[in-house]
Amino acid sequence: MRSIFSSDVLQGKTVVVTGATGGIGQSIAQQLAQMGANLLLTGRNQQKLARLKQSIQAESGQGKIETIPADLTDAKDRERLVKETRKALGSIDILINNAGVFAGALLEEVEQAELERVMNVNFTSIVMLTQQVYEEMRRRRSGKIINISSLSGIRGWEGGTIYASSKFALNGFTQCLAVEAAKYGIQVNAVAPGFVETDMAKEAIGVKARRAGKSLEEMWSQMEKGLPSGRLSRPEEVAAVTAFLCTDAANNIIGAQMRISGGGLLG
Ligand SMILES: NC(=O)c1ccc[n+]([C@@H]2O[C@H](COP(=O)([O-])OP(=O)(O)OC[C@H]3O[C@@H](n4cnc5c(N)ncnc54)[C@H](OP(=O)(O)O)[C@@H]3O)[C@@H](O)[C@H]2O)c1
């Protein structure tokens with residue numbers, strides 16, 4: 001087994017990273033590029049994808065990098081994404097389902113359209129994209145599927161009806177598929193971060209702040225103080241754990257929910 005700390009540990013592997021235009025996705029892409037992977041980066045924002053590709057190529061430039069803009073809630077976009085990835089980079093070895101959206105709503109505030117939108121991005125589209133990629137992995141009897149879930153998929157919270165429920169569903173899917181897929185040599189796992197310093201955390205902590213009549217800064221600091229580590233996680237810390245799960249060192253990790261939370265949920 002090659003050392004997981006060598007710069008060619010993922011050489012020759014094709015990895016699809018969804019949500020690559022966001023805070024965590026960008027870090028995952030940068031980390032995997034440093035490990036030699038061939039990357040297919042996707043998100044809806046074409047300009048952000050182009051800028052990310054440029055910056056990764058300027059920094060590491062080992063593996064190939066392709067970008068395909070796609071709205072993952074659109075079945076045709078998902079189909080095109082998989083087809084074009086195979087054409088550009090060959091078979092998909094690793095799928096990282098990282099794209100996601102946040103919503104904070106008490107039950108009385110829940111609107112069906114919003115519930116369906118979030119469930120679609122955070123759950124339904126992941127199941128359907130994975131189904132397309134899984135078929136080929138099963139035939140080849142190898143592959144890795146990593147779902148970026150959340151601590152919100154492990155414990156509920158006031159206002160989490162939409163977001164937390166979507167992440168509970170994603171964790172359920174991860175466990176079910178992990179059991180189905182293991183016999184084909186495919187490892188399926190979840191990464192479950194607590195708050196991570198990205199735009200999404202600003203949005204989520206902002207909702208909590210408004211409810212409590214506090215400023216974003218006050219609520220941010222309160223969230224940090226509530227954690228055993230005393231701080232939120234950084235995108236590169238989530239990327240490092242995700243990258244570990246991409247290596248052969250993680251071949252016997254099946255159906256895990258890797259928490260990166262500064263000790264959140266322990267206290
Ligand atoms: N930040 C946190 O505190 C935190 C904590 C726990 C878990 N997470 C999870 O980590 C993942 C990444 O979050 P983040 O903090 O990096 O969020 P972010 O910066 O808001 O990025 C979200 C990503 O999802 C993509 N996306 C959203 N809707 C999409 C759609 N319909 N089709 C395709 N792509 C779509 C966005 O791309 P475009 O805008 O280009 O479409 C963007 O790349 C999410 O699944 C999130 O739930 C985050």
# chains A, B, ... in the order shown; residues from 1 in each chain; ligands from 1

$ closest_atom_pairs --of "stretch 243-264 of chain A" --to "stretch 14-35 of chain A" --cutoff "10 Å" --atoms "only C-alpha atoms" --output "CSV"
residue,atom,partner,partner_atom,distance
A:Ala243,CA,A:Leu32,CA,6.4
A:Phe244,CA,A:Leu32,CA,9.7
A:Cys246,CA,A:Leu32,CA,8.8
A:Thr247,CA,A:Met35,CA,9.7

$ write_last_selection --atoms "N, CA and C atoms" --output "PDB file, in the first residue's frame"
ATOM      1  N   ALA A 243     -10.192  13.223   2.188  1.00  0.00           N
ATOM      2  CA  ALA A 243      -9.074  12.715   1.381  1.00  0.00           C
ATOM      3  C   ALA A 243      -8.579  11.382   1.937  1.00  0.00           C
ATOM      4  N   PHE A 244      -8.525  11.266   3.254  1.00  0.00           N
ATOM      5  CA  PHE A 244      -8.130   9.986   3.872  1.00  0.00           C
ATOM      6  C   PHE A 244      -9.076   8.869   3.425  1.00  0.00           C
ATOM      7  N   CYS A 246     -10.546   8.607   0.771  1.00  0.00           N
ATOM      8  CA  CYS A 246     -10.306   8.292  -0.653  1.00  0.00           C
ATOM      9  C   CYS A 246      -9.151   7.317  -0.843  1.00  0.00           C
ATOM     10  N   THR A 247      -8.342   7.102   0.178  1.00  0.00           N
ATOM     11  CA  THR A 247      -7.135   6.282   0.015  1.00  0.00           C
ATOM     12  C   THR A 247      -7.408   4.815   0.355  1.00  0.00           C
TER      13      THR A 247
END

$ residues_around --residues "A:Asn122" --least-positions-apart "2" --cutoff "8 Å" --atoms "only C-alpha atoms" --output "list in words"
Ala99, Gly100, Val101, Val118, Met119, Asn120, Thr124, Ser125, Ile126, Ser166, Lys167 and Leu170 of chain A

$ atom_distance --atom1 "atom CA of A:Gln11" --atom2 "atom 43 (O, counted along the ligand's line) of ligand 1"
24.2 Å

$ closest_residue --among "A:Glu180, A:Glu109, A:Glu224, A:Glu236" --to "A:Thr198" --atoms "only C-alpha atoms"
A:Glu236

$ residues_around --residues "A:Thr67" --least-positions-apart "2" --cutoff "12 Å" --atoms "only C-alpha atoms" --output "mmCIF file with C-alpha atoms, in the first residue's frame"
data_model
loop_
_atom_site.group_PDB
_atom_site.id
_atom_site.type_symbol
_atom_site.label_atom_id
_atom_site.label_comp_id
_atom_site.auth_asym_id
_atom_site.auth_seq_id
_atom_site.Cartn_x
_atom_site.Cartn_y
_atom_site.Cartn_z
ATOM 1 C CA VAL A 15 -12.674 11.711 -8.590
ATOM 2 C CA VAL A 16 -15.914 13.646 -9.032
ATOM 3 C CA VAL A 17 -16.369 16.440 -6.483
ATOM 4 C CA THR A 18 -19.827 18.052 -6.390
ATOM 5 C CA GLY A 19 -20.292 21.452 -4.772
ATOM 6 C CA ALA A 20 -16.720 22.286 -5.786
ATOM 7 C CA THR A 21 -17.564 25.989 -6.002
ATOM 8 C CA ALA A 29 -10.500 19.717 -4.657
ATOM 9 C CA ASN A 38 -7.696 13.453 -11.853
ATOM 10 C CA LEU A 39 -10.547 15.733 -10.887
ATOM 11 C CA LEU A 40 -13.964 16.469 -12.251
ATOM 12 C CA LEU A 41 -15.208 19.563 -10.466
ATOM 13 C CA THR A 42 -18.848 20.532 -10.653
ATOM 14 C CA GLY A 43 -21.223 23.194 -9.340
ATOM 15 C CA ARG A 44 -23.665 25.551 -11.021
ATOM 16 C CA ASN A 45 -21.398 28.611 -11.098
ATOM 17 C CA GLN A 46 -19.256 28.357 -14.235
ATOM 18 C CA GLN A 47 -17.031 31.330 -13.377
ATOM 19 C CA LYS A 48 -16.167 29.963 -9.930
ATOM 20 C CA LEU A 49 -15.357 26.589 -11.504
ATOM 21 C CA ALA A 50 -13.019 28.228 -14.035
ATOM 22 C CA ARG A 51 -11.253 30.241 -11.300
ATOM 23 C CA LEU A 52 -10.826 27.144 -9.113
ATOM 24 C CA LYS A 53 -9.379 25.122 -11.989
ATOM 25 C CA GLN A 54 -6.926 27.909 -12.738
ATOM 26 C CA ILE A 56 -5.335 24.493 -8.627
ATOM 27 C CA LYS A 64 -5.944 16.375 -15.033
ATOM 28 C CA ILE A 65 -8.678 18.803 -14.022
ATOM 29 C CA PRO A 69 -21.310 23.118 -14.679
ATOM 30 C CA ALA A 70 -24.455 21.243 -13.684
ATOM 31 C CA LEU A 81 -22.174 15.093 -15.988
ATOM 32 C CA VAL A 82 -21.523 11.356 -15.743
ATOM 33 C CA GLU A 84 -18.897 13.816 -20.055
ATOM 34 C CA THR A 85 -16.755 12.847 -17.060
ATOM 35 C CA ALA A 88 -12.879 13.291 -20.446
ATOM 36 C CA LEU A 89 -11.329 11.292 -17.578
#

$ select_by_dssp --residues "stretch 43-262 of chain A" --states "strand (DSSP E)" --output "ChimeraX atom specification"
/A:43,65-69,94-97,143-148,186-193,257-260

$ write_last_selection --atoms "C-alpha atoms" --output "PDB file, in the first residue's frame"
ATOM      1  CA  GLY A  43     -21.223  23.194  -9.340  1.00  0.00           C
ATOM      2  CA  ILE A  65      -8.678  18.803 -14.022  1.00  0.00           C
ATOM      3  CA  GLU A  66     -11.973  19.199 -15.837  1.00  0.00           C
ATOM      4  CA  THR A  67     -14.996  21.277 -14.900  1.00  0.00           C
ATOM      5  CA  ILE A  68     -18.617  20.706 -15.855  1.00  0.00           C
ATOM      6  CA  PRO A  69     -21.310  23.118 -14.679  1.00  0.00           C
ATOM      7  CA  ILE A  94     -14.495   8.025  -6.379  1.00  0.00           C
ATOM      8  CA  LEU A  95     -17.664  10.086  -6.040  1.00  0.00           C
ATOM      9  CA  ILE A  96     -17.774  12.832  -3.415  1.00  0.00           C
ATOM     10  CA  ASN A  97     -21.334  14.038  -2.876  1.00  0.00           C
ATOM     11  CA  GLY A 143     -14.996   2.339  -5.922  1.00  0.00           C
ATOM     12  CA  LYS A 144     -15.584   4.806  -3.141  1.00  0.00           C
ATOM     13  CA  ILE A 145     -18.593   6.985  -2.410  1.00  0.00           C
ATOM     14  CA  ILE A 146     -18.253   9.710   0.198  1.00  0.00           C
ATOM     15  CA  ASN A 147     -21.261  11.742   1.288  1.00  0.00           C
ATOM     16  CA  ILE A 148     -20.648  15.054   3.019  1.00  0.00           C
ATOM     17  CA  ILE A 186     -17.071  -0.426  -2.902  1.00  0.00           C
ATOM     18  CA  GLN A 187     -16.726   1.589   0.301  1.00  0.00           C
ATOM     19  CA  VAL A 188     -19.485   4.042   1.177  1.00  0.00           C
ATOM     20  CA  ASN A 189     -18.999   6.490   4.039  1.00  0.00           C
ATOM     21  CA  ALA A 190     -20.149   9.857   5.337  1.00  0.00           C
ATOM     22  CA  VAL A 191     -18.223  12.795   6.691  1.00  0.00           C
ATOM     23  CA  ALA A 192     -20.205  14.631   9.351  1.00  0.00           C
ATOM     24  CA  PRO A 193     -18.884  18.112  10.113  1.00  0.00           C
ATOM     25  CA  GLN A 257     -19.912   8.908   9.902  1.00  0.00           C
ATOM     26  CA  MET A 258     -16.599  10.656  10.444  1.00  0.00           C
ATOM     27  CA  ARG A 259     -17.235  13.583  12.799  1.00  0.00           C
ATOM     28  CA  ILE A 260     -15.211  16.767  12.511  1.00  0.00           C
TER      29      ILE A 260
END
